[in-house]
$ cat start-v6.pdb   # PDB, C-alpha atoms
ATOM      1  CA  MET C   1      77.535  95.311  82.194
ATOM      2  CA  GLY C   2      77.850  92.941  85.083
ATOM      3  CA  THR C   3      78.780  93.488  88.682
ATOM      4  CA  THR C   4      82.437  92.721  87.987
ATOM      5  CA  GLN C   5      82.680  95.436  85.347
ATOM      6  CA  ILE C   6      80.972  97.994  87.573
ATOM      7  CA  LEU C   7      83.345  97.138  90.427
ATOM      8  CA  PHE C   8      86.334  97.321  88.085
ATOM      9  CA  TRP C   9      85.463 100.816  86.878
ATOM     10  CA  PHE C  10      84.599 102.036  90.370
ATOM     11  CA  LEU C  11      87.914 100.776  91.808
ATOM     12  CA  SER C  12      89.901 102.138  88.859
ATOM     13  CA  ILE C  13      88.400 105.609  89.177
ATOM     14  CA  LEU C  14      88.909 105.513  92.942
ATOM     15  CA  ALA C  15      92.572 104.517  92.505
ATOM     16  CA  ILE C  16      93.357 107.221  89.933
ATOM     17  CA  LEU C  17      91.470 109.918  91.851
ATOM     18  CA  GLY C  18      93.274 108.948  95.051
ATOM     19  CA  ALA C  19      96.641 108.969  93.280
ATOM     20  CA  ILE C  20      96.019 112.463  91.891
ATOM     21  CA  LEU C  21      95.010 113.698  95.338
ATOM     22  CA  VAL C  22      98.163 112.131  96.874
ATOM     23  CA  VAL C  23     100.258 114.271  94.566
ATOM     24  CA  THR C  24      98.230 117.482  94.824
ATOM     25  CA  SER C  25      97.351 117.619  98.536
ATOM     26  CA  LYS C  26      98.989 120.495 100.381
ATOM     27  CA  ASN C  27      98.806 118.815 103.773
ATOM     28  CA  PRO C  28     101.132 115.758 103.932
ATOM     29  CA  VAL C  29      98.829 113.883 106.318
ATOM     30  CA  HIS C  30      96.028 114.119 103.744
ATOM     31  CA  SER C  31      98.446 112.648 101.199
ATOM     32  CA  VAL C  32      99.034 109.643 103.454
ATOM     33  CA  LEU C  33      95.288 109.119 103.914
ATOM     34  CA  TRP C  34      94.658 109.285 100.159
ATOM     35  CA  LEU C  35      97.484 106.817  99.591
ATOM     36  CA  ILE C  36      95.689 104.416 101.952
ATOM     37  CA  VAL C  37      92.580 104.837  99.752
ATOM     38  CA  VAL C  38      94.669 103.936  96.683
ATOM     39  CA  PHE C  39      96.035 100.841  98.392
ATOM     40  CA  VAL C  40      92.554  99.706  99.429
ATOM     41  CA  ALA C  41      91.377 100.168  95.823
ATOM     42  CA  ILE C  42      94.315  98.105  94.544
ATOM     43  CA  SER C  43      93.489  95.408  97.106
ATOM     44  CA  GLY C  44      89.948  95.416  95.716
ATOM     45  CA  HIS C  45      91.422  94.828  92.267
ATOM     46  CA  TYR C  46      93.368  91.856  93.637
ATOM     47  CA  ILE C  47      90.169  90.400  95.081
ATOM     48  CA  LEU C  48      88.444  90.860  91.712
ATOM     49  CA  LEU C  49      91.326  88.957  90.111
ATOM     50  CA  ASN C  50      90.932  86.227  92.759
ATOM     51  CA  ALA C  51      94.420  86.855  94.174
ATOM     52  CA  GLN C  52      93.179  86.677  97.726
ATOM     53  CA  PHE C  53      96.501  86.129  99.481
ATOM     54  CA  LEU C  54      98.045  89.188  97.823
ATOM     55  CA  ALA C  55      94.961  91.278  98.635
ATOM     56  CA  ILE C  56      95.247  90.522 102.332
ATOM     57  CA  VAL C  57      99.035  90.941 102.366
ATOM     58  CA  ASN C  58      98.681  94.257 100.534
ATOM     59  CA  LEU C  59      96.210  95.483 103.148
ATOM     60  CA  ILE C  60      98.290  94.305 106.099
ATOM     61  CA  VAL C  61     101.741  95.332 104.862
ATOM     62  CA  TYR C  62     101.008  98.497 102.893
ATOM     63  CA  ALA C  63      97.828 100.001 104.313
ATOM     64  CA  GLY C  64      98.574  98.676 107.777
ATOM     65  CA  ALA C  65     102.273  98.781 108.517
ATOM     66  CA  ILE C  66     103.960 101.070 106.001
ATOM     67  CA  MET C  67     101.348 103.819 106.089
ATOM     68  CA  VAL C  68     101.336 103.827 109.901
ATOM     69  CA  LEU C  69     105.116 104.224 109.729
ATOM     70  CA  PHE C  70     104.694 107.209 107.398
ATOM     71  CA  LEU C  71     102.086 108.752 109.700
ATOM     72  CA  PHE C  72     104.356 108.289 112.708
ATOM     73  CA  VAL C  73     107.215 110.037 110.923
ATOM     74  CA  PHE C  74     104.923 112.941 109.993
ATOM     75  CA  MET C  75     103.683 113.266 113.562
ATOM     76  CA  LEU C  76     107.239 113.132 114.936
ATOM     77  CA  MET C  77     108.423 115.861 112.586
ATOM     78  CA  ASN C  78     105.397 118.069 113.224
ATOM     79  CA  LEU C  79     105.156 119.161 109.603
ATOM     80  CA  ASN C  80     102.318 121.219 108.284
ATOM     81  CA  SER C  81     101.323 122.623 104.949
ATOM     82  CA  ASP C  82     103.497 125.744 105.070
ATOM     83  CA  THR C  83     106.670 123.713 105.625
ATOM     84  CA  GLU C  84     106.985 123.087 101.929
ATOM     85  CA  PRO C  85     107.955 126.265 100.119
ATOM     86  CA  GLN C  86     106.067 126.764  96.872
ATOM     87  CA  LYS C  87     109.062 127.910  94.932
ATOM     88  CA  ASN C  88     109.343 127.420  91.280
ATOM     89  CA  ARG C  89     106.157 127.368  89.253
ATOM     90  CA  TRP C  90     107.914 126.405  86.033
ATOM     91  CA  LEU C  91     109.579 123.424  87.665
ATOM     92  CA  LYS C  92     106.150 122.072  88.612
ATOM     93  CA  ILE C  93     104.754 122.604  85.136
ATOM     94  CA  ALA C  94     107.817 120.872  83.688
ATOM     95  CA  GLY C  95     107.299 117.907  86.028
ATOM     96  CA  VAL C  96     103.633 117.531  85.099
ATOM     97  CA  VAL C  97     104.453 117.840  81.388
ATOM     98  CA  THR C  98     107.150 115.174  81.744
ATOM     99  CA  GLY C  99     104.767 112.764  83.455
ATOM    100  CA  GLY C 100     102.107 113.448  80.832
ATOM    101  CA  ALA C 101     104.623 112.878  78.040
ATOM    102  CA  LEU C 102     105.596 109.528  79.545
ATOM    103  CA  LEU C 103     101.913 108.607  79.766
ATOM    104  CA  LEU C 104     101.394 109.633  76.150
ATOM    105  CA  VAL C 105     104.361 107.602  74.917
ATOM    106  CA  LEU C 106     103.373 104.478  76.836
ATOM    107  CA  VAL C 107      99.720 104.655  75.795
ATOM    108  CA  ALA C 108     100.657 105.289  72.160
ATOM    109  CA  ALA C 109     103.090 102.376  72.205
ATOM    110  CA  LEU C 110     100.696  99.927  73.857
ATOM    111  CA  LYS C 111      97.504 100.990  72.094
ATOM    112  CA  GLU C 112      98.214  98.967  68.982
ATOM    113  CA  ALA C 113      99.781  96.025  70.822
ATOM    114  CA  ASP C 114      98.415  92.634  69.904
ATOM    115  CA  LEU C 115      96.606  92.120  73.192
ATOM    116  CA  LYS C 116      93.001  92.612  72.168
ATOM    117  CA  THR C 117      92.163  88.955  72.520
ATOM    118  CA  GLN C 118      93.972  88.415  75.829
ATOM    119  CA  VAL C 119      91.723  88.408  78.849
ATOM    120  CA  ALA C 120      92.637  88.591  82.521
ATOM    121  CA  GLU C 121      90.460  86.000  84.168
ATOM    122  CA  MET C 122      88.380  87.435  86.976
ATOM    123  CA  GLY C 123      86.687  85.719  89.887
ATOM    124  CA  ARG C 124      87.875  82.245  88.923
ATOM    125  CA  GLY C 125      91.076  80.233  89.020
ATOM    126  CA  ASP C 126      92.831  79.168  92.180
ATOM    127  CA  ILE C 127      96.450  80.215  91.580
ATOM    128  CA  GLY C 128      96.000  83.170  93.930
ATOM    129  CA  LEU C 129      94.978  81.033  96.881
ATOM    130  CA  ILE C 130      97.451  80.593  99.703
ATOM    131  CA  ASN C 131      97.600  76.825  99.254
ATOM    132  CA  ASN C 132      99.050  76.948  95.726
ATOM    133  CA  LEU C 133     101.212  79.998  96.406
ATOM    134  CA  GLY C 134     102.700  78.366  99.484
ATOM    135  CA  MET C 135     103.472  75.127  97.645
ATOM    136  CA  VAL C 136     105.332  76.956  94.872
ATOM    137  CA  LEU C 137     107.013  79.362  97.306
ATOM    138  CA  PHE C 138     108.482  76.581  99.426
ATOM    139  CA  HIS C 139     109.378  74.309  96.528
ATOM    140  CA  ASP C 140     110.764  76.474  93.743
ATOM    141  CA  TYR C 141     111.428  79.788  95.492
ATOM    142  CA  VAL C 142     112.754  78.660  98.849
ATOM    143  CA  VAL C 143     116.252  80.111  98.303
ATOM    144  CA  PRO C 144     115.011  83.658  97.474
ATOM    145  CA  PHE C 145     112.632  83.371 100.422
ATOM    146  CA  GLU C 146     115.492  82.632 102.808
ATOM    147  CA  ILE C 147     117.664  85.326 101.246
ATOM    148  CA  SER C 148     114.874  87.837 101.840
ATOM    149  CA  SER C 149     115.170  87.096 105.561
ATOM    150  CA  VAL C 150     118.841  88.119 105.345
ATOM    151  CA  LEU C 151     117.696  91.281 103.566
ATOM    152  CA  PHE C 152     115.293  92.051 106.424
ATOM    153  CA  LEU C 153     118.018  91.475 109.000
ATOM    154  CA  SER C 154     120.414  93.802 107.205
ATOM    155  CA  ALA C 155     117.664  96.421 106.838
ATOM    156  CA  MET C 156     116.959  96.197 110.571
ATOM    157  CA  VAL C 157     120.640  96.613 111.473
ATOM    158  CA  GLY C 158     120.939  99.449 108.960
ATOM    159  CA  VAL C 159     117.971 101.317 110.434
ATOM    160  CA  VAL C 160     119.418 101.056 113.933
ATOM    161  CA  VAL C 161     122.835 102.247 112.753
ATOM    162  CA  ILE C 162     121.396 105.161 110.761
ATOM    163  CA  GLY C 163     118.909 106.233 113.406
ATOM    164  CA  ARG C 164     121.388 106.100 116.282
ATOM    165  CA  LYS C 165     122.512 109.389 117.743
ATOM    166  CA  THR C 166     126.150 110.290 117.277
ATOM    167  CA  PRO C 167     128.343 110.449 120.433
ATOM    168  CA  GLU C 168     128.514 114.257 120.261
ATOM    169  CA  GLU C 169     124.718 114.536 120.190
ATOM    170  CA  ARG C 170     124.399 112.145 123.077
ATOM    171  CA  THR C 171     126.888 113.993 125.269
ATOM    172  CA  GLY C 172     125.249 117.264 124.209
ATOM    173  CA  ALA C 173     121.845 115.998 125.334
ATOM    174  CA  ILE C 174     123.242 114.836 128.673
ATOM    175  CA  GLY C 175     124.969 118.184 129.139
ATOM    176  CA  ASP C 176     121.719 120.028 128.405
ATOM    177  CA  GLN C 177     119.922 117.956 130.976
ATOM    178  CA  LYS C 178     122.624 118.601 133.534
ATOM    179  CA  TYR C 179     122.818 122.331 133.047
ATOM    180  CA  GLY C 180     119.191 122.891 132.122
ATOM    181  CA  GLY C 181     117.718 120.961 135.036
TER
ATOM    182  CA  MET W 182      88.151  91.996  81.621
ATOM    183  CA  PRO W 183      90.514  92.616  78.646
ATOM    184  CA  ILE W 184      94.140  93.037  79.643
ATOM    185  CA  ASN W 185      94.297  96.431  77.906
ATOM    186  CA  TYR W 186      92.298  98.089  80.675
ATOM    187  CA  TYR W 187      94.676  96.837  83.332
ATOM    188  CA  ILE W 188      97.686  98.009  81.306
ATOM    189  CA  PHE W 189      96.268 101.508  80.927
ATOM    190  CA  LEU W 190      95.245 101.714  84.587
ATOM    191  CA  ALA W 191      98.735 100.688  85.716
ATOM    192  CA  VAL W 192     100.372 103.095  83.247
ATOM    193  CA  ALA W 193      98.199 105.949  84.519
ATOM    194  CA  LEU W 194      99.052 105.220  88.163
ATOM    195  CA  PHE W 195     102.758 104.922  87.313
ATOM    196  CA  CYS W 196     102.797 108.238  85.445
ATOM    197  CA  ILE W 197     100.986 110.000  88.290
ATOM    198  CA  GLY W 198     103.744 108.667  90.543
ATOM    199  CA  VAL W 199     106.437 109.947  88.168
ATOM    200  CA  ALA W 200     104.819 113.383  88.024
ATOM    201  CA  GLY W 201     104.628 113.447  91.818
ATOM    202  CA  VAL W 202     108.314 112.587  92.198
ATOM    203  CA  LEU W 203     109.221 115.355  89.771
ATOM    204  CA  THR W 204     106.972 118.092  91.180
ATOM    205  CA  ARG W 205     106.993 117.693  94.958
ATOM    206  CA  ARG W 206     109.827 118.957  97.176
ATOM    207  CA  ASN W 207     108.871 117.106 100.353
ATOM    208  CA  ALA W 208     111.095 114.021 100.689
ATOM    209  CA  ILE W 209     108.401 111.879 102.337
ATOM    210  CA  ILE W 210     105.845 112.657  99.627
ATOM    211  CA  ILE W 211     108.427 111.714  97.004
ATOM    212  CA  PHE W 212     108.841 108.453  98.870
ATOM    213  CA  MET W 213     105.071 107.892  98.852
ATOM    214  CA  CYS W 214     104.967 108.476  95.101
ATOM    215  CA  ILE W 215     107.621 105.770  94.706
ATOM    216  CA  GLU W 216     105.349 103.424  96.672
ATOM    217  CA  LEU W 217     102.548 104.341  94.275
ATOM    218  CA  MET W 218     104.716 103.376  91.296
ATOM    219  CA  LEU W 219     105.621 100.059  92.946
ATOM    220  CA  ASN W 220     101.945  99.303  93.481
ATOM    221  CA  ALA W 221     101.072 100.091  89.873
ATOM    222  CA  VAL W 222     103.649  97.531  88.764
ATOM    223  CA  ASN W 223     102.309  95.009  91.284
ATOM    224  CA  LEU W 224      98.791  95.385  89.913
ATOM    225  CA  LEU W 225     100.019  94.841  86.371
ATOM    226  CA  LEU W 226     101.988  91.741  87.415
ATOM    227  CA  VAL W 227      98.903  90.192  89.008
ATOM    228  CA  ALA W 228      96.807  90.994  85.911
ATOM    229  CA  PHE W 229      99.436  89.403  83.641
ATOM    230  CA  SER W 230      99.582  86.377  85.941
ATOM    231  CA  LYS W 231      95.845  85.849  85.545
ATOM    232  CA  MET W 232      96.150  86.449  81.808
ATOM    233  CA  HIS W 233      98.762  83.712  81.450
ATOM    234  CA  TYR W 234      96.719  81.375  83.600
ATOM    235  CA  HIS W 235      93.745  81.926  81.315
ATOM    236  CA  ALA W 236      95.820  81.503  78.140
ATOM    237  CA  LEU W 237      97.872  78.486  79.221
ATOM    238  CA  SER W 238      95.092  76.471  80.834
ATOM    239  CA  ALA W 239      92.807  76.777  77.810
ATOM    240  CA  GLY W 240      93.614  73.335  76.427
ATOM    241  CA  ALA W 241      94.915  71.131  79.193
ATOM    242  CA  PRO W 242      94.329  72.391  82.748
ATOM    243  CA  ASN W 243      97.601  73.596  84.203
ATOM    244  CA  PRO W 244      97.188  74.427  87.892
ATOM    245  CA  ASN W 245     100.415  76.391  88.288
ATOM    246  CA  ALA W 246     100.441  78.460  85.088
ATOM    247  CA  GLY W 247     101.210  82.092  85.757
ATOM    248  CA  ILE W 248     101.789  81.631  89.472
ATOM    249  CA  ASP W 249     105.288  83.139  89.229
ATOM    250  CA  GLY W 250     103.852  86.625  88.684
ATOM    251  CA  GLN W 251     102.071  86.543  92.015
ATOM    252  CA  LEU W 252     105.206  85.324  93.775
ATOM    253  CA  PHE W 253     107.129  88.185  92.208
ATOM    254  CA  VAL W 254     104.556  90.568  93.685
ATOM    255  CA  PHE W 255     105.123  88.928  97.061
ATOM    256  CA  PHE W 256     108.885  89.478  96.805
ATOM    257  CA  ILE W 257     108.398  93.067  95.631
ATOM    258  CA  MET W 258     106.334  93.697  98.765
ATOM    259  CA  VAL W 259     109.108  92.182 100.921
ATOM    260  CA  VAL W 260     111.753  94.389  99.332
ATOM    261  CA  ALA W 261     109.485  97.452  99.550
ATOM    262  CA  ALA W 262     108.976  96.946 103.282
ATOM    263  CA  ALA W 263     112.740  96.812 103.870
ATOM    264  CA  GLU W 264     113.242  99.820 101.582
ATOM    265  CA  VAL W 265     110.644 101.907 103.408
ATOM    266  CA  SER W 266     112.191 101.278 106.813
ATOM    267  CA  VAL W 267     115.694 102.249 105.663
ATOM    268  CA  GLY W 268     114.443 105.224 103.640
ATOM    269  CA  LEU W 269     112.402 106.653 106.495
ATOM    270  CA  ALA W 270     115.393 106.280 108.811
ATOM    271  CA  ILE W 271     117.485 108.263 106.318
ATOM    272  CA  ILE W 272     114.778 110.953 106.093
ATOM    273  CA  VAL W 273     114.564 111.221 109.895
ATOM    274  CA  MET W 274     118.359 111.549 110.008
ATOM    275  CA  MET W 275     118.212 114.272 107.351
ATOM    276  CA  TYR W 276     115.511 116.099 109.309
ATOM    277  CA  ARG W 277     117.653 115.919 112.427
ATOM    278  CA  ASN W 278     120.581 117.524 110.595
ATOM    279  CA  THR W 279     118.855 120.162 108.446
ATOM    280  CA  HIS W 280     115.515 120.620 110.309
ATOM    281  CA  SER W 281     113.674 120.257 107.027
ATOM    282  CA  VAL W 282     112.591 117.513 104.642
ATOM    283  CA  ASP W 283     112.959 119.721 101.577
ATOM    284  CA  VAL W 284     115.077 117.933  99.008
ATOM    285  CA  ASN W 285     116.387 121.251  97.721
ATOM    286  CA  PHE W 286     118.610 121.481 100.798
ATOM    287  CA  LEU W 287     120.350 118.281  99.791
ATOM    288  CA  ASN W 288     122.393 119.821  96.976
ATOM    289  CA  ARG W 289     125.498 120.490  99.050
ATOM    290  CA  LEU W 290     127.337 117.597  97.492
ATOM    291  CA  LYS W 291     127.716 119.538  94.254
ATOM    292  CA  HIS W 292     129.585 122.484  95.753
TER
END

$ encode --input "start-v6.pdb" --output "structure tokens"
Amino acid sequence: MGTTQILFWFLSILAILGAILVVTSKNPVHSVLWLIVVFVAISGHYILLNAQFLAIVNLIVYAGAIMVLFLFVFMLMNLNSDTEPQKNRWLKIAGVVTGGALLLVLVAALKEADLKTQVAEMGRGDIGLINNLGMVLFHDYVVPFEISSVLFLSAMVGVVVIGRKTPEERTGAIGDQKYGG
Amino acid sequence: MPINYYIFLAVALFCIGVAGVLTRRNAIIIFMCIELMLNAVNLLLVAFSKMHYHALSAGAPNPNAGIDGQLFVFFIMVVAAAEVSVGLAIIVMMYRNTHSVDVNFLNRLKH
């Protein structure tokens, strides 16, 4: 059992443990921190597969930007563990049973698949390097790349439109300031 | 590493995400479980990309075999970033209106 295997099992156990703790944590901030652990473990898997560009992008975009956004929203809302009412016990059991049934079906379907001889190459191969990815991205995938910029622009405009206060709220806030102060 | 291990790891992460979406009531935690499912699929795409590279470049070396999987992961990350920003804006809006992020309060449409 070489170093690569040991790292693979360590990162896999870390990812699954972190994912379970994301779902089961009572405090939402702890969930965010465990999700960061999962993302770091998945980035480690990318490095083991020699997909270095995706590993760095995963760390920057997911663990860096998106999780900070989640943390900011939690801090702004001032949520704590008793915000979420623990209502229906049977609904939770039904959800866990449904997820377990999906897992069972997928594992049973894929267990006998003819993939025993296929191997994911680890630590070698240079298709994950930014040189090759960039060449293919700007030759074959340049139209989807440009369209994704339009998607980002529309998402930005959409966020501003959704997050804007309505005129009634704005006049209400000004009125509060006037009469309160 | 045989591809089976990656398939089962990704399936396990995806099913944990599904169970989280079905059990939790907090809208932001549901959103985080969706991110978890997206990342499970990303991991599987990268593993398949390396598998195809290994299989296709066995005879003649093919430098770009299986590179499409990694570009798909890149585009999934792009779409996920846009999705997270819009989704969090919707959740903040919902919190401003109902003073809660419990998805059980969002059933007014059915009455």

$ resolve_selection --input "start-v6.pdb" --expression "the PyMOL selection byres ((chain W and resi 194) around 8)" --output "PyMOL selection string"
(chain C and resi 15-16+19) or (chain W and resi 190-193+195-198+217-218+221)

$ closest_residue --input "start-v6.pdb" --among "C:Asp140, C:Glu112, C:Glu121, C:Glu146" --to "chain W" --atoms "all atoms listed in the file"
C:Glu121

$ closest_residue --input "start-v6.pdb" --among "C:Thr3, C:Asn78, C:Asn27, C:Thr98" --to "chain W" --atoms "all atoms listed in the file"
C:Thr98

$ closest_residue --input "start-v6.pdb" --among "W:Ser230, W:Asn285, W:Asn245, W:Thr204" --to "Ala94 of chain C" --atoms "all atoms listed in the file"
W:Thr204

$ resolve_selection --input "start-v6.pdb" --expression "the PyMOL selection byres ((chain C and resi 57) around 12)" --output "PyMOL selection string"
(chain C and resi 39-40+42-43+46-47+51-56+58-66+128+130) or (chain W and resi 251-252+254-259+262)

$ closest_atom_pairs --input "start-v6.pdb" --of "chain W" --to "chain C" --cutoff "6 Å" --atoms "only C-alpha atoms" --output "CSV"
residue,atom,partner,partner_atom,distance
W:Met182,CA,C:Ala120,CA,5.7
W:Pro183,CA,C:Val119,CA,4.4
W:Ile184,CA,C:Val119,CA,5.3
W:Cys196,CA,C:Gly99,CA,5.3
W:Val199,CA,C:Gly99,CA,5.7
W:Ala200,CA,C:Gly99,CA,4.6
W:Gly201,CA,C:Val23,CA,5.2
W:Leu203,CA,C:Gly95,CA,4.9
W:Thr204,CA,C:Lys92,CA,4.8
W:Ala228,CA,C:Ala120,CA,5.9
W:Lys231,CA,C:Ala120,CA,5.2
W:Met232,CA,C:Ala120,CA,4.2
W:His235,CA,C:Glu121,CA,6.0
W:Ile248,CA,C:Ile127,CA,5.9
W:Ala263,CA,C:Ala155,CA,5.8
W:Val267,CA,C:Val159,CA,5.4
W:Ala270,CA,C:Gly163,CA,5.8

$ axis_aligned_box --input "start-v6.pdb" --around "segment 242-256 of chain W" --padding-each-side "8 Å" --output "JSON"
{"center_x": 101.6, "center_y": 81.5, "center_z": 89.9, "size_x": 30.6, "size_y": 34.2, "size_z": 30.3}

$ closest_residue --input "start-v6.pdb" --among "W:Val202, W:Pro244, W:Tyr187, W:Ser238" --to "Leu224 of chain W" --atoms "only C-alpha atoms"
W:Tyr187

$ closest_residue --input "start-v6.pdb" --among "W:Ala239, W:Ile209, W:Ile188, W:Val222" --to "Ile272 of chain W" --atoms "only C-alpha atoms"
W:Ile209

$ closest_residue --input "start-v6.pdb" --among "W:Asn185, W:Asn288, W:Asn220, W:Ser281" --to "Ala208 of chain W" --atoms "only C-alpha atoms"
W:Ser281

$ atom_distance --input "start-v6.pdb" --atom1 "atom CA of Glu216 of chain W" --atom2 "atom CA of Val273 of chain W"
17.9 Å

$ atom_distance --input "start-v6.pdb" --atom1 "atom CA of Val260 of chain W" --atom2 "atom CA of Gly44 of chain C"
22.1 Å

$ atom_distance --input "start-v6.pdb" --atom1 "atom CA of Asn223 of chain W" --atom2 "atom CA of Gly240 of chain W"
27.7 Å
